[in-house]
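One file, run-v2.cif, is given below (mmCIF, C-alpha atoms).
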```cif
data_structure
#
loop_
_atom_site.label_atom_id
_atom_site.label_comp_id
_atom_site.auth_asym_id
_atom_site.auth_seq_id
_atom_site.Cartn_x
_atom_site.Cartn_y
_atom_site.Cartn_z
CA MET A 1 -18.86 -21.15 13.00
CA ASN A 2 -21.11 -18.47 11.59
CA ASN A 3 -21.22 -17.24 8.05
CA ASN A 4 -22.82 -13.90 8.76
CA GLY A 5 -21.29 -11.58 6.17
CA SER A 6 -18.98 -9.89 8.64
CA VAL A 7 -16.01 -8.20 7.02
CA THR A 8 -12.85 -9.54 8.60
CA PHE A 9 -10.21 -7.97 6.33
CA VAL A 10 -9.71 -4.56 7.91
CA ALA A 11 -6.67 -2.28 8.12
CA LYS A 12 -7.10 -0.64 11.49
CA GLY A 13 -5.29 -0.74 14.78
CA PHE A 14 -1.99 -2.58 14.84
CA ALA A 15 -2.45 -3.82 11.25
CA SER A 16 -2.53 -0.22 10.00
CA ILE A 17 0.52 0.61 12.10
CA LEU A 18 2.42 -2.28 10.50
CA ILE A 19 1.31 -1.24 7.01
CA GLY A 20 2.56 2.28 7.71
CA ILE A 21 5.91 0.89 8.87
CA TYR A 22 6.11 -1.20 5.68
CA PHE A 23 5.55 1.93 3.58
CA LEU A 24 8.23 3.81 5.50
CA LEU A 25 10.73 0.97 5.19
CA GLY A 26 9.94 0.47 1.50
CA ALA A 27 10.41 4.17 0.76
CA TYR A 28 13.68 4.16 2.69
CA PHE A 29 15.05 1.11 0.86
CA ILE A 30 14.04 2.51 -2.53
CA LYS A 31 15.67 5.85 -1.68
CA SER A 32 18.82 4.02 -0.55
CA THR A 33 18.87 2.00 -3.77
CA ILE A 34 18.50 5.14 -5.87
CA ASN A 35 21.20 6.95 -3.87
CA ASN A 36 23.61 4.04 -4.35
CA LEU A 37 23.24 4.00 -8.13
CA VAL A 38 26.60 4.56 -9.70
CA THR A 39 26.34 5.86 -13.19
CA THR A 40 29.65 5.95 -14.97
CA PRO A 41 30.23 5.52 -18.69
CA HIS A 42 31.51 1.96 -18.18
CA SER A 43 28.99 0.84 -15.56
CA PRO A 44 26.45 -1.83 -16.42
CA THR A 45 22.90 -0.80 -17.12
CA VAL A 46 20.71 0.16 -14.20
CA PHE A 47 18.03 -2.38 -15.08
CA SER A 48 19.17 -4.64 -12.25
CA ASP A 49 18.58 -1.72 -9.88
CA ILE A 50 15.17 -1.10 -11.43
CA TYR A 51 14.24 -4.71 -10.83
CA LEU A 52 15.50 -4.34 -7.26
CA ILE A 53 13.11 -1.41 -6.80
CA VAL A 54 10.24 -3.48 -8.27
CA LEU A 55 11.21 -6.28 -5.88
CA ILE A 56 11.06 -3.84 -2.95
CA LEU A 57 7.60 -2.68 -4.09
CA PHE A 58 6.44 -6.28 -4.41
CA THR A 59 7.84 -7.10 -0.95
CA VAL A 60 5.99 -4.16 0.61
CA LEU A 61 2.73 -5.23 -1.03
CA LEU A 62 3.31 -8.83 0.04
CA CYS A 63 4.01 -7.81 3.65
CA CYS A 64 0.87 -5.65 3.69
CA SER A 65 -1.17 -8.53 2.30
CA LEU A 66 0.20 -11.01 4.83
CA THR A 67 -0.48 -8.57 7.65
CA LEU A 68 -4.09 -8.15 6.55
CA PHE A 69 -4.50 -11.92 6.22
CA ILE A 70 -3.01 -12.69 9.66
CA PHE A 71 -5.14 -10.06 11.39
CA ALA A 72 -8.24 -11.20 9.46
CA LYS A 73 -7.65 -14.77 10.55
CA LYS A 74 -7.29 -13.64 14.16
CA LEU A 75 -10.43 -11.48 13.95
CA ALA A 76 -12.44 -14.29 12.34
CA LYS A 77 -11.41 -16.64 15.13
CA GLU A 78 -12.37 -14.09 17.81
CA ARG A 79 -15.77 -13.45 16.19
CA GLN A 80 -16.23 -17.15 15.46
CA VAL A 81 -17.06 -16.52 11.82
CA LEU A 82 -15.71 -18.08 8.66
CA LEU A 83 -12.64 -16.33 7.32
CA TYR A 84 -13.91 -16.51 3.75
CA ASN A 85 -17.56 -15.56 3.98
CA ILE A 86 -19.58 -13.79 1.30
CA SER A 87 -18.42 -10.25 2.07
CA SER A 88 -14.79 -11.20 2.68
CA LYS A 89 -14.66 -13.04 -0.67
CA LYS A 90 -15.80 -9.82 -2.34
CA THR A 91 -13.19 -7.87 -0.37
CA VAL A 92 -10.41 -10.33 -1.28
CA THR A 93 -11.39 -10.15 -4.96
CA ILE A 94 -11.29 -6.34 -5.00
CA TYR A 95 -8.05 -6.41 -3.00
CA THR A 96 -6.42 -8.83 -5.46
CA ILE A 97 -7.50 -6.79 -8.48
CA GLY A 98 -6.13 -3.65 -6.81
CA ILE A 99 -2.78 -5.27 -6.00
CA ILE A 100 -2.42 -6.62 -9.55
CA LEU A 101 -3.32 -3.21 -11.01
CA LEU A 102 -0.84 -1.42 -8.72
CA PHE A 103 1.96 -3.85 -9.49
CA LEU A 104 1.39 -3.98 -13.26
CA SER A 105 1.12 -0.20 -13.59
CA SER A 106 4.37 0.26 -11.66
CA LEU A 107 6.07 -2.39 -13.76
CA MET A 108 4.88 -0.79 -17.01
CA LEU A 109 6.05 2.65 -15.95
CA PHE A 110 9.44 1.23 -15.05
CA GLN A 111 9.63 -0.64 -18.35
CA TYR A 112 8.94 2.51 -20.38
CA GLN A 113 11.28 4.50 -18.11
CA TYR A 114 8.66 6.92 -16.80
CA PHE A 115 10.26 6.82 -13.38
CA GLU A 116 8.92 10.20 -12.29
CA TYR A 117 5.33 8.96 -12.69
CA VAL A 118 5.61 5.76 -10.65
CA THR A 119 4.81 7.33 -7.28
CA PRO A 120 1.97 9.63 -8.46
CA VAL A 121 0.28 6.80 -10.36
CA PHE A 122 0.75 4.50 -7.37
CA LEU A 123 -0.78 7.11 -5.05
CA LEU A 124 -3.74 7.72 -7.38
CA LEU A 125 -4.45 4.02 -7.78
CA TYR A 126 -4.00 3.47 -4.05
CA ALA A 127 -6.44 6.30 -3.28
CA LEU A 128 -9.02 4.89 -5.69
CA TRP A 129 -8.46 1.42 -4.30
CA LEU A 130 -8.97 2.66 -0.72
CA LEU A 131 -12.21 4.36 -1.75
CA VAL A 132 -13.45 1.13 -3.32
CA MET A 133 -12.30 -0.95 -0.35
CA LYS A 134 -13.66 1.29 2.38
CA ASN A 135 -16.34 0.02 4.66
CA LYS A 136 -19.25 2.26 5.62
CA LEU A 137 -18.20 1.87 9.26
CA ARG A 138 -14.79 3.41 8.54
CA LYS A 139 -15.66 6.80 7.12
CA ASP A 140 -12.49 8.28 8.62
CA PHE A 141 -10.47 5.99 6.33
CA LYS A 142 -11.44 8.32 3.47
CA MET A 143 -8.95 10.84 4.84
CA ILE A 144 -6.05 8.61 3.77
CA SER A 145 -7.59 8.45 0.28
CA ILE A 146 -7.86 12.22 0.12
CA LEU A 147 -4.28 12.52 1.36
CA CYS A 148 -3.16 10.14 -1.42
CA PHE A 149 -4.93 12.27 -4.06
CA PHE A 150 -3.23 15.45 -2.83
CA LEU A 151 0.16 13.76 -2.57
CA ALA A 152 -0.25 12.39 -6.10
CA ILE A 153 -0.98 15.87 -7.44
CA ILE A 154 2.08 17.23 -5.63
CA CYS A 155 4.20 14.38 -7.04
CA PHE A 156 2.99 15.14 -10.56
CA LEU A 157 4.01 18.77 -10.08
CA ILE A 158 7.22 18.10 -8.12
CA PRO A 159 8.55 14.63 -9.02
CA SER A 160 11.34 14.79 -6.43
CA TYR A 161 8.70 14.84 -3.68
CA TRP A 162 8.08 11.08 -4.04
CA TYR A 163 10.03 10.07 -0.93
CA SER A 164 8.26 12.60 1.27
CA SER A 165 4.90 11.52 -0.15
CA LEU A 166 5.46 7.85 0.63
CA SER A 167 6.76 8.79 4.08
CA LEU A 168 3.64 10.86 4.73
CA LEU A 169 1.47 7.95 3.58
CA GLY A 170 3.29 5.67 6.01
CA ILE A 171 2.89 8.19 8.83
CA ALA A 172 -0.81 8.57 7.99
CA HIS A 173 -1.32 4.81 8.25
CA ILE A 174 0.55 4.71 11.56
CA THR A 175 -1.52 7.61 12.91
CA TYR A 176 -4.76 5.99 11.74
CA GLY A 177 -3.68 2.75 13.39
CA VAL A 178 -2.90 4.45 16.69
CA ILE A 179 -6.22 6.31 16.68
CA THR A 180 -8.30 3.23 15.83
CA HIS A 181 -6.33 1.09 18.28
CA SER A 182 -7.00 3.53 21.12
CA LYS A 183 -10.75 3.64 20.25
CA SER A 184 -11.15 -0.13 20.63
#
```
Translate the structure described by the file into structure tokens.
Amino acid sequence: MNNNGSVTFVAKGFASILIGIYFLLGAYFIKSTINNLVTTPHSPTVFSDIYLIVLILFTVLLCCSLTLFIFAKKLAKERQVLLYNISSKKTVTIYTIGIILLFLSSLMLFQYQYFEYVTPVFLLLYALWLLVMKNKLRKDFKMISILCFFLAIICFLIPSYWYSSLSLLGIAHITYGVITHSKS
């Protein structure tokens, strides 16, 4: 096997389609959880529901990570390169830092009950993370980052737009996946 610095962790084609589906499903389950909240004077606190939402976020991030890993392993085998070469170790490190930052910021916002800022902060961090993660060969991937910035601004101005923003992000990933899948 070669160790030629080839980046194997990429989110294009079917992997991007799956990531988009995960975002759509996660947004739907969070919206369903929020819609099913029953707030009566004698109801228990909603912290269990908040932790359910955090669990849904964690599950979406875990599914995205597993998808990237499975497709990276397949790509490394096809290219006959090591899965963890020099450039992929750098990518995995940046990816891990980004995931931890996304998860901790969401958890902190939930803890301090700044619920309306969870999605905009997530979108801003995700956009920055995509810009850091982008490969020079995937300049069109910057469009999803720009979309995340605009959606974050809209979510800051209109907090109830969070569901539509996450749905648009999922659709953008699916569209990017279809386009890059048809190119290859």
Find the spatial neighbours of A:Ala72, counting all atoms listed in the file, within a cut-off of 12 Å - ignore same-chain residues fewer than 5 positions away - and output them as a ChimeraX atom specification.
/A:6-12,14-15,65-67,77-85,88,91-92
Filtering to C-alpha atoms, could you give me those residues as a tab-separated table (two decimals), keeping the file's coordinate frame?
```
chain	number	residue	atom	x	y	z
A	6	SER	CA	-18.98	-9.89	8.64
A	7	VAL	CA	-16.01	-8.20	7.02
A	8	THR	CA	-12.85	-9.54	8.60
A	9	PHE	CA	-10.21	-7.97	6.33
A	10	VAL	CA	-9.71	-4.56	7.91
A	11	ALA	CA	-6.67	-2.28	8.12
A	12	LYS	CA	-7.10	-0.64	11.49
A	14	PHE	CA	-1.99	-2.58	14.84
A	15	ALA	CA	-2.45	-3.82	11.25
A	65	SER	CA	-1.17	-8.53	2.30
A	66	LEU	CA	0.20	-11.01	4.83
A	67	THR	CA	-0.48	-8.57	7.65
A	77	LYS	CA	-11.41	-16.64	15.13
A	78	GLU	CA	-12.37	-14.09	17.81
A	79	ARG	CA	-15.77	-13.45	16.19
A	80	GLN	CA	-16.23	-17.15	15.46
A	81	VAL	CA	-17.06	-16.52	11.82
A	82	LEU	CA	-15.71	-18.08	8.66
A	83	LEU	CA	-12.64	-16.33	7.32
A	84	TYR	CA	-13.91	-16.51	3.75
A	85	ASN	CA	-17.56	-15.56	3.98
A	88	SER	CA	-14.79	-11.20	2.68
A	91	THR	CA	-13.19	-7.87	-0.37
A	92	VAL	CA	-10.41	-10.33	-1.28
```
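Run against this file, the PyMOL selection byres ((chain A and resi 146) around 12) gives back Leu123, Leu124, Leu125, Tyr126, Ala127, Leu128, Trp129, Leu130, Leu131, Lys139, Asp140, Phe141, Lys142, Met143, Ile144, Ser145, Leu147, Cys148, Phe149, Phe150, Leu151, Ala152, Ile153, Leu169 and Ala172 of chain A.
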Atom CA of A:Leu37 and atom CA of A:Leu55, how far apart in Å?
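Going from atom CA of A:Leu55 over to atom CA of A:Leu37, I get 16.0 Å.
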Within 9 Å of stretch 108-111 of chain A, counting all atoms listed in the file, which residues qualify if same-chain residues fewer than 4 places away don't, as a PyMOL selection string?
chain A and resi 50-51+54+103-104+115-118
For A:Leu18, the nearest of the candidates A:Ile174, A:Ile100, A:Ile70, A:Ile86, counting all atoms listed in the file
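Selected residue with least distance to A:Leu18: A:Ile174.
If you look at atom CA of A:Phe122 and atom CA of A:Leu102, they are 6.3 Å away from each other.
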To one decimal in Å, tell me the separation between atom CA of A:Ile99 and atom CA of A:Ile19.
14.2 Å
What do you get, as a ChimeraX atom specification, if you spell out every residue that the PyMOL selection byres ((chain A and resi 28-35) around 10) selects here?
/A:22-27,36-38,46,49-50,52-57,162-163,166-167
Hey, which of A:Gly20, A:Leu107, A:Val132, A:Val121 ends up closest to A:Lys90? Count only C-alpha atoms.
A:Val132
